[in-house]
Structures are given as C-alpha cells and as structure tokens.
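**Student:** One file: entry_15.txt (compact mmCIF, C-alpha atoms).
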```
# COMPACT_ATOMS: atom_id res chain seq x y z
CA MET A 1 84.30 72.54 -47.20
CA ILE A 2 82.67 70.49 -49.96
CA ARG A 3 79.41 72.38 -49.43
CA PHE A 4 81.21 75.70 -49.36
CA THR A 5 83.10 74.92 -52.59
CA LEU A 6 79.85 74.05 -54.36
CA CYS A 7 78.18 77.19 -52.96
CA VAL A 8 81.06 79.40 -54.15
CA ALA A 9 80.67 77.94 -57.66
CA LEU A 10 76.95 78.66 -57.47
CA MET A 11 77.62 82.22 -56.29
CA ILE A 12 79.95 82.87 -59.24
CA GLY A 13 77.35 81.49 -61.63
CA LEU A 14 74.62 83.69 -60.15
CA ALA A 15 76.92 86.72 -60.31
CA LEU A 16 76.94 86.40 -64.10
CA ILE A 17 73.15 86.61 -64.31
CA ASP A 18 71.96 90.03 -65.47
CA ILE A 19 70.43 92.09 -62.66
CA ARG A 20 67.36 92.52 -64.89
CA VAL A 21 66.72 88.78 -64.64
CA TRP A 22 66.69 89.07 -60.85
CA PHE A 23 64.24 91.94 -61.28
CA ALA A 24 62.00 89.80 -63.51
CA VAL A 25 61.87 86.85 -61.08
CA ALA A 26 61.46 88.94 -57.91
CA TYR A 27 57.69 88.58 -57.53
CA PRO A 28 57.59 84.93 -58.74
CA VAL A 29 60.21 83.94 -56.13
CA TYR A 30 58.17 85.66 -53.42
CA VAL A 31 54.92 83.97 -54.50
CA ILE A 32 56.60 80.55 -54.71
CA GLY A 33 58.04 81.05 -51.22
CA LEU A 34 54.61 82.03 -49.90
CA LEU A 35 52.94 78.98 -51.49
CA LEU A 36 55.62 76.72 -50.02
CA LEU A 37 54.97 78.18 -46.56
CA VAL A 38 51.26 77.44 -47.00
CA ALA A 39 52.18 73.90 -48.10
CA VAL A 40 54.13 73.48 -44.85
CA GLU A 41 50.94 74.28 -42.94
CA LEU A 42 49.07 71.57 -44.88
CA VAL A 43 51.55 68.72 -45.47
CA GLY A 44 54.79 69.75 -43.74
CA ASP A 45 56.90 67.39 -41.65
CA THR A 46 56.91 67.86 -37.88
CA ARG A 47 60.24 67.51 -36.09
CA LEU A 48 61.01 68.36 -32.48
CA GLY A 49 57.54 69.84 -32.07
CA ALA A 50 57.80 72.22 -35.05
CA GLN A 51 56.24 71.89 -38.51
CA ARG A 52 58.88 73.57 -40.68
CA TRP A 53 59.98 71.10 -43.36
CA LEU A 54 58.76 69.90 -46.74
CA SER A 55 59.98 66.54 -48.03
CA ILE A 56 60.36 65.49 -51.65
CA GLY A 57 61.52 61.89 -51.61
CA SER A 58 64.67 61.75 -49.50
CA PHE A 59 65.25 65.50 -49.83
CA SER A 60 63.82 67.87 -47.22
CA PHE A 61 64.12 71.65 -46.88
CA GLN A 62 62.68 74.63 -45.00
CA PRO A 63 60.62 76.94 -47.26
CA SER A 64 61.32 79.79 -44.85
CA GLU A 65 64.83 79.89 -46.35
CA VAL A 66 63.31 80.67 -49.76
CA MET A 67 61.34 83.51 -48.23
CA LYS A 68 64.48 85.14 -46.79
CA LEU A 69 65.53 85.86 -50.37
CA GLY A 70 61.99 86.30 -51.69
CA ILE A 71 61.12 89.14 -49.32
CA VAL A 72 64.30 91.02 -50.30
CA LEU A 73 63.64 90.69 -54.04
CA ALA A 74 59.93 91.52 -53.80
CA LEU A 75 60.38 94.64 -51.67
CA ALA A 76 63.30 95.84 -53.79
CA ARG A 77 61.17 95.50 -56.93
CA TYR A 78 58.18 97.22 -55.31
CA TYR A 79 60.20 100.23 -54.20
CA HIS A 80 62.06 100.40 -57.52
CA GLY A 81 58.85 101.63 -59.13
CA ALA A 82 57.59 103.67 -56.17
CA SER A 83 57.89 107.44 -55.96
CA ALA A 84 59.77 109.09 -53.10
CA LYS A 85 56.47 110.36 -51.67
CA ARG A 86 54.92 106.90 -51.74
CA ALA A 87 57.98 105.40 -50.04
CA ARG A 88 58.08 108.13 -47.40
CA LEU A 89 54.49 108.43 -46.22
CA SER A 90 51.30 107.24 -47.94
CA TRP A 91 48.57 104.61 -47.81
CA TRP A 92 50.64 102.60 -50.29
CA LEU A 93 52.84 101.57 -47.34
CA LEU A 94 50.14 99.01 -46.53
CA VAL A 95 51.33 97.01 -49.56
CA PRO A 96 54.89 96.33 -48.29
CA ALA A 97 53.48 95.92 -44.76
CA GLY A 98 51.23 93.14 -46.04
CA MET A 99 54.07 91.59 -48.04
CA ILE A 100 56.11 91.36 -44.84
CA ALA A 101 53.27 90.31 -42.52
CA LEU A 102 52.10 87.28 -44.53
CA PRO A 103 55.35 85.25 -44.41
CA VAL A 104 56.12 86.42 -40.86
CA LEU A 105 52.79 85.10 -39.57
CA LEU A 106 53.14 81.80 -41.45
CA VAL A 107 56.68 81.20 -40.19
CA ALA A 108 55.79 82.21 -36.63
CA HIS A 109 52.92 79.70 -36.67
CA GLN A 110 55.28 76.77 -37.48
CA PRO A 111 56.57 77.86 -34.85
CA ASP A 112 59.94 79.41 -35.78
CA LEU A 113 60.19 82.71 -33.96
CA GLY A 114 63.86 83.27 -34.84
CA THR A 115 63.31 83.06 -38.60
CA ALA A 116 60.09 85.09 -38.35
CA MET A 117 62.04 87.85 -36.57
CA LEU A 118 64.74 87.70 -39.23
CA ILE A 119 62.23 88.12 -42.08
CA LEU A 120 60.43 90.91 -40.21
CA MET A 121 63.62 92.84 -39.43
CA THR A 122 65.00 92.41 -42.96
CA GLY A 123 61.76 93.69 -44.46
CA ALA A 124 61.70 96.62 -42.03
CA ALA A 125 65.31 97.49 -42.93
CA ILE A 126 64.46 97.67 -46.65
CA VAL A 127 61.37 99.81 -45.98
CA VAL A 128 63.44 102.22 -43.88
CA LEU A 129 66.25 102.38 -46.46
CA ALA A 130 63.72 103.05 -49.20
CA GLY A 131 62.96 106.39 -47.53
CA LEU A 132 60.30 105.78 -44.86
CA SER A 133 59.27 108.87 -42.89
CA TRP A 134 60.97 109.25 -39.52
CA LYS A 135 57.55 109.90 -37.96
CA ILE A 136 56.42 106.40 -38.90
CA ILE A 137 59.74 104.92 -37.75
CA ALA A 138 59.37 106.57 -34.32
CA ALA A 139 55.73 105.48 -34.05
CA GLY A 140 56.67 101.95 -35.06
CA ILE A 141 59.40 101.75 -32.42
CA ALA A 142 57.01 103.03 -29.75
CA ALA A 143 54.33 100.53 -30.81
CA PHE A 144 56.87 97.69 -30.77
CA VAL A 145 57.99 98.54 -27.23
CA ALA A 146 54.37 98.74 -26.08
CA ILE A 147 53.30 95.45 -27.65
CA VAL A 148 56.24 93.31 -26.50
CA PRO A 149 55.07 92.63 -22.89
CA PRO A 150 51.52 91.46 -23.81
CA PHE A 151 52.91 89.51 -26.76
CA VAL A 152 55.34 87.66 -24.49
CA MET A 153 52.73 86.93 -21.84
CA PHE A 154 49.69 86.03 -23.96
CA VAL A 155 50.78 85.14 -27.52
CA MET A 156 54.06 83.25 -27.25
CA HIS A 157 54.18 79.49 -26.76
CA ASP A 158 55.15 78.36 -23.26
CA TYR A 159 58.66 77.31 -24.29
CA GLN A 160 59.23 80.64 -26.09
CA ARG A 161 58.07 82.58 -23.04
CA GLN A 162 60.38 80.49 -20.87
CA ARG A 163 63.31 81.44 -23.12
CA VAL A 164 62.60 85.13 -22.56
CA LEU A 165 62.29 84.69 -18.81
CA THR A 166 65.48 82.61 -18.78
CA PHE A 167 67.29 85.35 -20.69
CA LEU A 168 66.30 87.84 -17.97
CA ASP A 169 67.49 85.55 -15.15
CA PRO A 170 69.46 82.49 -16.37
CA GLU A 171 70.73 81.66 -12.85
CA SER A 172 67.18 80.92 -11.70
CA ASP A 173 67.37 77.44 -13.27
CA PRO A 174 71.05 76.70 -13.99
CA SER A 175 70.56 73.00 -14.72
CA GLY A 176 67.34 73.46 -16.69
CA SER A 177 66.19 76.31 -18.90
CA GLY A 178 69.25 78.46 -18.10
CA TYR A 179 71.76 75.72 -18.94
CA HIS A 180 72.39 76.74 -22.55
CA ILE A 181 73.18 80.39 -21.81
CA LEU A 182 75.29 79.67 -18.72
CA GLN A 183 77.43 77.03 -20.47
CA SER A 184 77.89 79.36 -23.42
CA MET A 185 79.09 82.22 -21.20
CA ILE A 186 81.45 79.84 -19.37
CA ALA A 187 82.94 78.79 -22.73
CA LEU A 188 83.26 82.42 -23.85
CA GLY A 189 85.02 83.50 -20.66
CA SER A 190 87.31 80.51 -20.28
CA GLY A 191 89.01 81.12 -23.64
CA GLY A 192 90.87 84.16 -22.35
CA LEU A 193 93.05 86.13 -24.75
CA LEU A 194 94.45 83.38 -27.00
CA GLY A 195 92.18 80.43 -26.18
CA LYS A 196 92.89 76.88 -25.10
CA GLY A 197 93.89 75.67 -28.54
CA TYR A 198 92.12 73.90 -31.37
CA GLY A 199 90.19 70.86 -30.10
CA LEU A 200 91.16 71.55 -26.45
CA GLY A 201 88.08 73.37 -25.20
CA SER A 202 86.63 71.52 -22.21
CA GLN A 203 83.10 72.91 -22.52
CA SER A 204 82.75 71.94 -26.18
CA GLN A 205 84.85 68.78 -26.36
CA LEU A 206 83.28 67.26 -23.23
CA ASN A 207 79.79 68.16 -24.51
CA PHE A 208 78.88 70.55 -21.70
CA LEU A 209 78.08 73.12 -24.38
CA PRO A 210 74.87 72.22 -26.27
CA GLU A 211 74.59 72.61 -30.05
CA LYS A 212 78.32 73.30 -30.17
CA GLN A 213 78.51 72.82 -33.95
CA THR A 214 75.44 74.89 -34.88
CA ASP A 215 73.80 77.64 -32.83
CA PHE A 216 76.59 77.91 -30.22
CA ILE A 217 79.62 77.45 -32.46
CA PHE A 218 80.78 81.01 -31.73
CA ALA A 219 81.19 80.01 -28.07
CA THR A 220 83.26 77.01 -29.20
CA LEU A 221 85.47 79.33 -31.25
CA ALA A 222 85.87 81.70 -28.28
CA GLU A 223 86.92 78.87 -25.97
CA GLU A 224 89.49 77.42 -28.36
CA PHE A 225 90.85 80.59 -30.03
CA GLY A 226 90.10 83.22 -27.40
CA PHE A 227 89.48 86.94 -27.76
CA VAL A 228 91.96 87.25 -30.63
CA GLY A 229 90.18 84.54 -32.63
CA CYS A 230 86.77 86.12 -32.04
CA VAL A 231 87.93 89.59 -33.06
CA SER A 232 89.62 88.16 -36.17
CA LEU A 233 86.37 86.48 -37.19
CA LEU A 234 84.34 89.63 -36.57
CA VAL A 235 86.79 91.65 -38.70
CA LEU A 236 86.18 89.21 -41.58
CA TYR A 237 82.43 89.59 -41.15
CA ALA A 238 82.78 93.37 -41.06
CA ALA A 239 84.84 93.29 -44.28
CA ALA A 240 82.14 91.26 -46.05
CA ILE A 241 79.43 93.65 -44.84
CA PHE A 242 81.46 96.70 -45.90
CA MET A 243 82.08 95.32 -49.41
CA ALA A 244 78.39 94.47 -49.82
CA LEU A 245 77.35 97.96 -48.73
CA ARG A 246 79.87 99.47 -51.15
CA THR A 247 78.28 97.41 -53.93
CA ALA A 248 74.89 98.86 -52.97
CA TYR A 249 76.41 102.35 -53.14
CA LEU A 250 77.87 101.74 -56.62
CA SER A 251 74.74 100.27 -58.18
CA HIS A 252 73.01 102.62 -60.61
CA SER A 253 69.58 101.00 -60.26
CA HIS A 254 67.32 101.49 -57.24
CA PHE A 255 66.45 97.78 -57.40
CA GLY A 256 70.12 96.80 -57.25
CA ARG A 257 70.76 99.11 -54.30
CA LEU A 258 67.82 97.88 -52.25
CA ALA A 259 68.32 94.19 -53.10
CA THR A 260 71.98 94.38 -52.12
CA ALA A 261 71.16 96.28 -48.93
CA GLY A 262 68.47 93.70 -48.10
CA VAL A 263 70.87 90.77 -48.49
CA THR A 264 73.42 92.64 -46.36
CA ALA A 265 70.78 93.30 -43.69
CA THR A 266 69.89 89.59 -43.55
CA PHE A 267 73.54 88.60 -43.22
CA THR A 268 74.15 91.24 -40.54
CA LEU A 269 71.07 90.18 -38.57
CA TYR A 270 72.26 86.56 -38.61
CA LEU A 271 75.51 87.75 -37.08
CA LEU A 272 74.03 90.12 -34.50
CA ILE A 273 71.24 87.81 -33.29
CA ASN A 274 73.48 84.77 -32.96
CA GLY A 275 76.27 86.75 -31.29
CA ALA A 276 73.89 88.38 -28.82
CA MET A 277 72.27 85.02 -28.06
CA VAL A 278 75.60 83.30 -27.39
CA MET A 279 76.76 86.12 -25.11
CA GLY A 280 73.52 86.14 -23.12
CA LEU A 281 72.40 89.50 -24.51
CA ALA A 282 69.30 88.06 -26.23
CA PRO A 283 66.99 85.06 -25.72
CA VAL A 284 68.02 81.75 -27.30
CA VAL A 285 66.51 81.42 -30.79
CA GLY A 286 67.31 79.13 -33.67
CA VAL A 287 69.47 81.54 -35.68
CA PRO A 288 72.90 80.14 -36.71
CA MET A 289 76.15 82.01 -37.24
CA PRO A 290 76.42 82.49 -41.04
CA LEU A 291 79.16 80.54 -42.86
CA LEU A 292 80.38 79.15 -39.53
CA SER A 293 77.60 76.96 -38.11
CA TYR A 294 77.27 73.41 -39.45
CA GLY A 295 74.48 72.91 -41.99
CA GLY A 296 74.05 73.37 -45.71
CA THR A 297 70.65 75.09 -45.94
CA VAL A 298 71.66 78.40 -44.36
CA MET A 299 74.98 78.40 -46.20
CA LEU A 300 73.12 77.92 -49.49
CA THR A 301 70.77 80.80 -48.67
CA VAL A 302 73.63 83.13 -47.73
CA MET A 303 75.69 82.28 -50.83
CA ILE A 304 72.70 82.74 -53.16
CA GLY A 305 72.26 86.15 -51.54
CA PHE A 306 75.92 86.92 -52.14
CA GLY A 307 75.42 85.83 -55.76
CA LEU A 308 72.74 88.52 -56.02
CA VAL A 309 75.14 91.05 -54.48
CA GLN A 310 77.87 90.12 -56.97
CA SER A 311 75.36 90.35 -59.83
CA ALA A 312 74.52 93.89 -58.74
CA ARG A 313 78.27 94.62 -58.70
CA VAL A 314 79.00 93.10 -62.13
CA HIS A 315 75.97 94.78 -63.71
CA ARG A 316 76.12 97.98 -61.67
CA TYR A 317 75.74 100.17 -64.77
CA ALA A 318 72.64 98.33 -66.05
CA GLU A 319 69.51 100.45 -66.21
CA VAL A 320 66.55 98.59 -64.75
CA THR A 321 63.17 99.93 -65.85
CA LYS A 322 59.74 98.81 -64.73
CA GLY A 323 59.41 96.62 -67.82
CA SER A 324 62.94 95.21 -67.57
CA GLY A 325 63.57 91.51 -67.68
CA LEU A 326 65.11 88.96 -69.96
CA LEU A 327 62.52 86.21 -69.29
```
Will you turn the file into structure tokens for me?
**Tutor:**
Amino acid sequence: MIRFTLCVALMIGLALIDIRVWFAVAYPVYVIGLLLLVAVELVGDTRLGAQRWLSIGSFSFQPSEVMKLGIVLALARYYHGASAKRARLSWWLLVPAGMIALPVLLVAHQPDLGTAMLILMTGAAIVVLAGLSWKIIAAGIAAFVAIVPPFVMFVMHDYQRQRVLTFLDPESDPSGSGYHILQSMIALGSGGLLGKGYGLGSQSQLNFLPEKQTDFIFATLAEEFGFVGCVSLLVLYAAAIFMALRTAYLSHSHFGRLATAGVTATFTLYLLINGAMVMGLAPVVGVPMPLLSYGGTVMLTVMIGFGLVQSARVHRYAEVTKGSGLL
C-alpha cells in the first residue's frame, strides 16, 4: 500500500506533464532503454540463472521495464509522423520492425522469454493499430504459426522447452515440472463460488502453491474469494481498460492515441498472459498480475504508463506536430 500510494502520487504528477513533453522524450527514452539492455549483457547481475539486473550501489532494477514504456513511446512518435500509406504497406515498415526486434532479442537472450513476448506483442499491437495492411497481418500470423515448432525445438533453452511440453501435458510429471500448473488449478477449483475466506486457503497458506504472492497470486485470490472474487477483480480490470481506450479515442493527436493504446495493450497483455498461465491455458512464464502481484518494479512501470494515459486525457486537445516539444 505504501508503494501504491507513492505510485499514485507519481501518476498524478506525470498526468500534469504536457503530452508534447512525452513526444519530445520518446526517442531518448527508447535509446536509454536499449543502452541499458546492452549494459545488462556486459555487466548485469546474474540471479537464478538469468542475467537481467543492473545494480547501482544497493539499488537494482531490470532495464527491460524501461523498454516496456520506451517501445510504446518510440513507435507512437514514429507513426505520428508517418503517412497512412507508409503505415499500411511500404518498405518503411522495416523501421518499426527493427525497433521492436532489437529489444526483443536482447531481452530474450537474458533469458526472459515472458518479457520479450510482452514487448513483441505490445509493439505488434501498435503497428496494427497504426493501420497495417491486413495482408501483412495474415502473412505474419501464418509465419508465426509456422515458426513456432522449430523455435520451440531448436532455439529455446531446455527449461523453456520443458515449460511448453509441461503445458501440453502437466500430468506427465505431477511432482516435477507439472507441479506449478497442477497446484494452481487445484487452488482455482477449490475456491468454489464464494471461496474459503481470507487467509483460509489450504493451497496457498500451507505453501503447496508456489510463488503465491507473485506470479500465482490470482490462484490465491480464487481459492480464498472464489468465483465471485475473481469476476469482481476482472470487472475492475475491464473498467480500467475501457477508460484507457476511451482516453485514446478522445485524444486529438495521433501520438496521444497510439501511446495510450500501447500502454493499454501492455496492461491487457499482463492480465491475459498471467491469467492464462494460472489457469493452465498457457505455459508458465514470468509475467505477474498487474497491480496485484507483490513487487514494486512492475507496479512502477504500470503506474508510469497510466500517468502517460492521464496526460493524454488532460491534454487531449493539444496539437502535437513533428517539431513539438517543450525541452
């Protein structure tokens, strides 16, 4: 609650920043995020077999969080100055493709497949919303489906491949690789309609459920508050998504619309990926439930994004030109 209070104050402060300032810092934020990802490759800290953190004294952070906002700002600025023809179908599409591919490859190499997928899907959502031709969208979907099997078999790390195989058949190793998914589904089902009550969930309180306060907190909520509690939470998420999309609709600038839509896409992907993972509908990846899982880094990223959304709302009538900026 202390972290959330501080993040709300930060969000309100960022909402007061002119949308043209966000436009001016879009490319610098992206470049800084990219340089930080390169720094992780060179001098990053390794924890639990992954090199994802940078440390400055006693403070450590994941530069991939910076890139989640950087990719949204950079793509929104790029498409703000692009013509409809260039956004729909042209060789200029290689520019946003490269902007997305660089951070995705760096994050995937850490390795952090969940965050890499999040950045890739957020970037793809902005490119599609900017007016991408349906021919390219269909070809991209077909290429993705075709490349998944060889990617899983020959490119993924062994533990990542095992997660995919476990997702397909979790009962094959119930006490090993399938343990997380099976315990999560037990917790989800045992909550029933109204749940067992706050602090009374056997799977979570007796530590059968792994990562109960972070990646699998939605299963903890389902066990203790049941179907009604889960639906209530999802209604709140849907309300936040609807209000953010309405802000995108009201914004007069193309940059404001795309930046708001990009932040909304990131937030929605957090929700969908984590929910599918907890319910056994997707492989287990390190994507938390936004504003619910324990941890300050993701909350900070989400609230900064919401600050950008609120800025687009407050300054929805501002005209952003290619030379705009107050810096």
**Student:** Rank nothing, just name the residue among A:Ser204, A:Ser64, A:Thr266, A:Ser311 nearest to Pro290 of chain A, using only C-alpha atoms.
**Tutor:** A:Thr266
**Student:** So the first atom is atom CA of Met303 of chain A and the second is atom CA of Ala108 of chain A; what is the distance between them in Å, to one decimal place?
**Tutor:**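 For atom CA of Met303 of chain A relative to atom CA of Ala108 of chain A, the distance reads 24.4 Å.
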**Student:** If I put a ball of radius 12 Å at (54.9, 79.6, -27.5) in the file's coordinates, which residues poke into it when counting all atoms listed in the file, written as a PyMOL selection string?
**Tutor:** chain A and resi 49-50+108-113+151-164
**Student:** Can those selected residues be exported to a file as a short mmCIF file (atom, residue, chain, number, x, y, z; two decimals), in the coordinates of the input so that it contains C-alpha atoms?
**Tutor:**
```
data_model
loop_
_atom_site.label_atom_id
_atom_site.label_comp_id
_atom_site.auth_asym_id
_atom_site.auth_seq_id
_atom_site.Cartn_x
_atom_site.Cartn_y
_atom_site.Cartn_z
CA GLY A 49 57.54 69.84 -32.07
CA ALA A 50 57.80 72.22 -35.05
CA ALA A 108 55.79 82.21 -36.63
CA HIS A 109 52.92 79.70 -36.67
CA GLN A 110 55.28 76.77 -37.48
CA PRO A 111 56.57 77.86 -34.85
CA ASP A 112 59.94 79.41 -35.78
CA LEU A 113 60.19 82.71 -33.96
CA PHE A 151 52.91 89.51 -26.76
CA VAL A 152 55.34 87.66 -24.49
CA MET A 153 52.73 86.93 -21.84
CA PHE A 154 49.69 86.03 -23.96
CA VAL A 155 50.78 85.14 -27.52
CA MET A 156 54.06 83.25 -27.25
CA HIS A 157 54.18 79.49 -26.76
CA ASP A 158 55.15 78.36 -23.26
CA TYR A 159 58.66 77.31 -24.29
CA GLN A 160 59.23 80.64 -26.09
CA ARG A 161 58.07 82.58 -23.04
CA GLN A 162 60.38 80.49 -20.87
CA ARG A 163 63.31 81.44 -23.12
CA VAL A 164 62.60 85.13 -22.56
#
```
**Student:** Find, counting only C-alpha atoms, the residue in A:Ile100, A:Ala222, A:Ala238, A:Leu300 that gets nearest to Met279 of chain A.
**Tutor:** A:Ala222
**Student:** Excluding segment 176-181 of chain A and its own-chain neighbours fewer than 3 positions away, which residues fall within 8 Å of it when counting only C-alpha atoms? Please give them as a list in words.
**Tutor:**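 Residues near the query, excluding close chain neighbours: Gln162, Arg163, Thr166, Phe167, Asp169, Pro170, Glu171, Ser172, Asp173, Ser184, Met185, Leu209, Pro210, Met277, Val278, Met279, Gly280 and Val284 of chain A.
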